[in-house]
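Peer 1: Let me give you the structure first, and then I'll get to my questions.
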Amino acid sequence: MIELLQLPFMQRALIACLVLGVLLAYLGIFVTLRKMAFFSDGVAHAALAGAAIGLLTRFSPLISALIFSMLLACLIYWLEKKSSLSSDAIIGILFTSGMALGIVLISLRKGYQPELLGYLFGNILAIRRQDLALIVILAILIMAFIIRHKRKLTLLALDREMAYMAGVNPDFYQLLIYVMLACALVLGIRVMGVILVSAILIVPVSTARLFSRSFKTLTIWTAVIAESVMIGGLLLSYYLNLPSGAVIVLVGSTVFSLTFIAHSLRRQRRQKRQSPTN
Amino acid sequence: MPPVLEVKDLTVRFAGCTALEGVSFTIEKNAIIAVIGPNGSGKTTLLKAILGLVPFQGEIRLFSKPLRQVLPQVGYVPQRFAFDSTFPLTVEEFINLTCRTPEKLPLGGVLDEVGMKGFKGKLIGELSGGQLQRVLLAHALVHRPRILFLDEATSGIDIEGLSDFYSTIQRLNREHGVTVMMVSHEISMVYKFTDRIICLNRDLISHGETRTALTREVLKKLYGDSADLRNHSHD
Ligand SMILES: Nc1ncnc2c1ncn2[C@@H]1O[C@H](COP(=O)(O)OP(=O)(O)OP(=O)(O)O)[C@@H](O)[C@H]1O
Ligand SMILES: [Mg+2]
C-alpha cells in the first residue's frame with residue numbers, strides 16, 4: 001500500500017479520483033433530478049472529437065476537449081431553446097456525430113493509435129502533471145460555484161417556473177449548468193474515458209437515493225459513496241491489473257445492486273411485520 | 001390609490017391557437033378576485049401572463065411597477081406541480097429552497113396555518129394530493145406576499161380543509177391586506193368568499209362585483225345550459 005502511494009502516477013490518479021468523484025457525483029444530483037443523463041452522456045462522447053483535434057494539432061487534448069465540449073453544450077442549449085427539434089434528437093445527433101468525428105480524426109494519424117483506447121475507456125497512466133493541475137483547479141472552481149448557488153440550482157432542477165418565481169434567471173442558470181457539466185465530464189475523461197465517465201454522475205446519487213430521507217442526507221451519502229467507489233475501484237484495478245475506469249464502474253454498480261437488494265429486503269420485512277395475516 | 005393590478009388589451013397566442021384576446025381589467029387593493037370559466041378558457045394563461053411566465057401582447061402592471069421588481073412580493077400556487085416525486089426533499093427543505101426574504105415567517109407557523117403541522121420532515125414526494133396542495137400554499141405564503149395567485153389551489157382538498165383554506169385566505173386578506181386572485185370551479189365558494197369576479201372564455205365575458213356580475217346569464221354564457229345558480233346554493 002505504502003509503496004503504491006509512492007508511485008507518482010498513482011499519486012496523481014488518486015488525487016484526480018478524489019477530486020472528480022465528489023465533483024461529478026455532486027453534479028449528478030442535479031442531473032438525475034432534471035433528467036439530464038442523456039445530455040451528459042452525449043457531451044462526454046462527443047468530447048472525443050475535441051480531444052482528437054488537440055492530438056492532431058499537437059495542442060493539449062484536454063484543453064481542446066474542454067473548449068469543444070463547452071461550445072457543444074452551448075449549441076445544445078441554443079438549439080433546445082430556438083428550434084422545434086426535440087432535445088433527444090438534438091443530443092442524439094450531435095453526440096454520435098461528435099464521436100464519429102473523433103474516431104475519424106484520430107484515424108488520420110499514421111500507424112497504431114493507443115490514444116484512441118485511452119480516450120474511450122480512460123488511462124490513468126496518461127494523467128500528466130499539468131493535466132492534474134487543470135483538473136484540480138477547475139474542479140474547485142466549479143464546486144465553489146455550485147455550493148454557492150446550490151439553492152438556485154436545486155430549484156431550477158426541481159421546477160423551472162418555481163425557480164423563476166423565486167427570482168432565479170432560469171435561462172442563465174440552465175446554460176451555466178450545461179457548461180459546468182460539460183467541463184466536469186471532460187475532466188473525468190482521463191480517468192474514466194468518454195464512454196464510462198457519466199457513470200460517476202449517475203451511480204452514486206442513484207445509490208444514495210435508495211435510502212436517503214432528505215436532501216441533506218442525499219448530498220452527504222452521494223459524496224461518500226462516490227469517493228469510496230472511485231478510490232476502491234482505482235486500488236482494485238491496480239491490484240488486479242485491469243483498466244481503472246471499467247473497474248470503478250463495476251465497483252459502483254456492485255455497490256448499487258447490493259444497496260438495492262438490502263433496501264428491498266428491509267422494506268419487505270417491514271411490510272410483513274405490518275400485515276401479519278399473510 | 002393606484003390599482004394593484006392593471007391589465008390592458010392582453011392577448012396571448014400559442015402556436016396555432018389564441019388563448020386570450022383583448023382582455024382588460026383593473027384590480028383594486030385588498031380584494032379577493034375569482035377567475036372563472038370553462039376548461040381551456042385561458043384562466044391559467046391569464047395568471048401566467050401576469051407573472052411573466054408566458055409571452056404576451058398588451059400591458060400588465062403589478063403594483064404600478066414592472067413585474068421583475070415586484071416578484072418577491074408575489075405568491076403563486078400553480079395548477080400543476082409536476083416534479084420528480086422519487087427525489088428525497090423534505091417539506092422543510094422544499095419551503096426553505098424558495099425563501100430568500102429575511103422577514104420570512106416561521107416555518108412551523110405557516111405549516112400550522114395550512115393544517116400541516118408536524119409534516120416538516122416528511123418527503124414531498126410522499127404527500128397525498130391534498131397535502132401537497134396545502135404545502136404549496138404554505139410555500140406561497142412563507143415570504144409574506146402582498147398578492148397571491150392561486151390556480152385551482154383547492155383541487156383535491158377535503159371538505160374540512162376547504163373551509164379552513166378559504167378562511168385562511170379571508171384572514172390574510174382582511175388582516176394583512178393581501179390581494180388574492182384565484183382560479184376556481186367551486187361556484188358556491190366563489191359566491192361566498194370573493195368580492196370580485198372575472199369571467200373568461202378566451203375574451204372577457206364579464207367582470208365586476210361577485211354578487212352582481214355572477215348572474216344566471218353569465219353562467220349560461222360560460223358553461224351552457226347545464227350551469228345553474230340554484231345548484232350552487234349560497235345560504
Ligand atoms: N403551452 C401551451 N402551448 C400551446 N397551447 C397552450 C399552452 N398552454 C395553454 N394552451 C392553450 O390555451 C388555451 C387556454 O389554456 P389554459 O390552460 O389557460 O386554460 P384554463 O382556463 O386554465 O383551463 P382549465 O380549467 O382546464 O385549467 C387552451 O386552449 C390550451 O390548449
Ligand atoms: Mg387552468
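Residues in the C-alpha cells are numbered from 1 in each chain, the chains being A, B, ... in the order shown, and ligands are numbered from 1 in the order shown.
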Please report as a Markdown table every residue of stretch 11-125 of chain B lying within 9 Å of stretch 153-158 of chain A, along with the nearest atom pair and their distance in Å (one decimal), using only C-alpha atoms.
Peer 2:
```
| residue | atom | partner | partner_atom | distance |
| --- | --- | --- | --- | --- |
| B:Ala82 | CA | A:Leu158 | CA | 8.8 |
| B:Phe83 | CA | A:Leu158 | CA | 6.0 |
| B:Asp84 | CA | A:Leu158 | CA | 7.3 |
| B:Phe94 | CA | A:Leu155 | CA | 8.8 |
| B:Leu97 | CA | A:Leu155 | CA | 6.7 |
| B:Thr98 | CA | A:Leu155 | CA | 7.4 |
```
Peer 1: Return the neighbours of chain A among the residues of chain B, cut-off 12 Å, counting only C-alpha atoms, as a PyMOL selection string.
Peer 2: chain B and resi 15+48+50-54+67-101+120-126+136+139-140+142-143+145+149
Peer 1: Find the residues near ligand 2. Use a cut-off of 8 Å, count only C-alpha atoms and all ligand atoms, and write them as a VMD selection string.
Peer 2: chain B and resid 39 to 40 42 to 45 79 151 to 152 183
Peer 1: One decimal, in Å: what's the spacing between atom CA of A:Gly118 and atom CA of A:Phe30?
Peer 2: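 Calculated distance between atom CA of A:Gly118 and atom CA of A:Phe30 is 28.3 Å.
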Peer 1: From the options B:Gly109, B:Pro38, B:Gly22, B:Pro2, which residue's atoms come nearest to ligand 1, counting only C-alpha atoms and all ligand atoms?
Peer 2: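 Closest to ligand 1, using only C-alpha atoms and all ligand atoms: B:Pro38.
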Peer 1: In terms of the shortest atom-to-atom distance over only C-alpha atoms, which of A:Ile76, A:Ile202, A:Leu234, A:Leu258 is closest to A:Gln11?
Peer 2: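 Using only C-alpha atoms, the shortest distance to A:Gln11 belongs to A:Leu234.
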Peer 1: Just asking: which residues within stretch 31-202 of chain B are strand (DSSP E or B) according to DSSP, as a ChimeraX atom specification?
Peer 2: /B:32-36,57-62,65,74-77,90,123,147-151,179-183,196-201
Peer 1: Looking only at the backbone, which of the residues in stretch 99-240 of chain A does DSSP tag as helix (DSSP H, G or I), as number ranges by chain?
Peer 2: A: 99-107, 114-121, 124-126, 129-148, 150-158, 160-165, 170-196, 198-209, 215-240
Peer 1: Find the distance between atom CA of A:Ser198 and atom CA of A:Ser40 and write it in Å to one decimal.
Peer 2: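 Taking atom CA of A:Ser198 as the start and atom CA of A:Ser40 as the end point, the length is 6.5 Å.
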Peer 1: What is the atom CA of B:Leu214 to atom CA of B:Ile197 distance in Å?
Peer 2: 7.4 Å
Peer 1: For ligand 1, which residue out of B:Arg61, B:Thr154, B:Thr11, B:Ser41 is the nearest one, using only C-alpha atoms and all ligand atoms?
Peer 2: B:Ser41
Peer 1: For stretch 172-185 of chain A, work out the shell of residues within 9 Å, counting only C-alpha atoms and skipping chain neighbours fewer than 3 positions away, then give it as a tab-separated table (two decimals) with C-alpha atoms, in the first residue's frame.
Peer 2:
```tsv
chain	number	residue	atom	x	y	z
A	20	LEU	CA	-13.52	14.09	-9.68
A	23	LEU	CA	-17.44	16.91	-8.33
A	24	LEU	CA	-19.19	14.56	-10.73
A	27	LEU	CA	-23.40	17.39	-10.22
A	30	PHE	CA	-28.93	17.89	-10.40
A	31	VAL	CA	-28.52	15.67	-13.46
A	39	PHE	CA	-27.18	15.26	-22.21
A	40	SER	CA	-24.26	14.29	-20.00
A	41	ASP	CA	-23.57	11.04	-21.77
A	43	VAL	CA	-21.46	15.61	-24.32
A	44	ALA	CA	-18.91	13.17	-22.88
A	47	ALA	CA	-15.72	15.29	-26.41
A	65	ALA	CA	-11.70	18.79	-25.44
A	66	LEU	CA	-12.77	21.25	-22.74
A	67	ILE	CA	-13.31	24.05	-25.24
A	69	SER	CA	-17.48	20.29	-25.25
A	70	MET	CA	-18.35	23.62	-23.67
A	71	LEU	CA	-19.12	25.01	-27.12
A	72	LEU	CA	-21.19	21.91	-27.80
A	73	ALA	CA	-23.11	22.43	-24.55
A	74	CYS	CA	-23.89	26.00	-25.64
A	76	ILE	CA	-27.34	22.16	-27.49
A	77	TYR	CA	-28.76	24.82	-25.17
A	78	TRP	CA	-29.33	27.18	-28.07
A	135	ILE	CA	-8.38	19.09	-13.12
A	138	LEU	CA	-11.30	23.71	-12.50
A	139	ALA	CA	-12.97	21.21	-10.17
A	142	ILE	CA	-16.96	24.53	-10.30
A	146	ILE	CA	-22.30	25.05	-7.25
A	152	LYS	CA	-30.96	28.24	-7.12
A	153	LEU	CA	-29.69	25.20	-8.99
A	156	LEU	CA	-34.25	25.10	-11.25
A	157	ALA	CA	-33.79	21.35	-11.39
A	168	VAL	CA	-33.75	32.84	-10.42
A	169	ASN	CA	-33.00	33.57	-14.07
A	188	GLY	CA	-13.14	12.96	-15.87
A	189	ILE	CA	-12.23	11.55	-19.28
A	194	VAL	CA	-15.65	9.19	-22.74
A	197	VAL	CA	-17.39	8.85	-17.35
A	198	SER	CA	-21.10	9.52	-16.91
A	201	LEU	CA	-22.56	11.17	-12.43
```
Peer 1: If you count only C-alpha atoms, which residues fall within 6 Å of B:Ile27, apart from same-chain ones fewer than 3 positions away, as an MDAnalysis selection string?
Peer 2: chainID B and resid 3:5
Peer 1: Restricted to N, CA and C atoms, what would the selected residues look like written as a compact mmCIF listing (two decimals), in the first residue's frame?
Peer 2:
```txt
# COMPACT_ATOMS: atom_id res chain seq x y z
N PRO B 3 -54.34 51.28 -8.78
CA PRO B 3 -54.76 49.88 -8.68
C PRO B 3 -53.58 48.95 -8.47
N VAL B 4 -53.86 47.80 -7.85
CA VAL B 4 -52.80 46.81 -7.59
C VAL B 4 -52.36 46.17 -8.90
N LEU B 5 -53.35 45.90 -9.75
CA LEU B 5 -53.05 45.19 -11.00
C LEU B 5 -53.82 45.85 -12.14
```
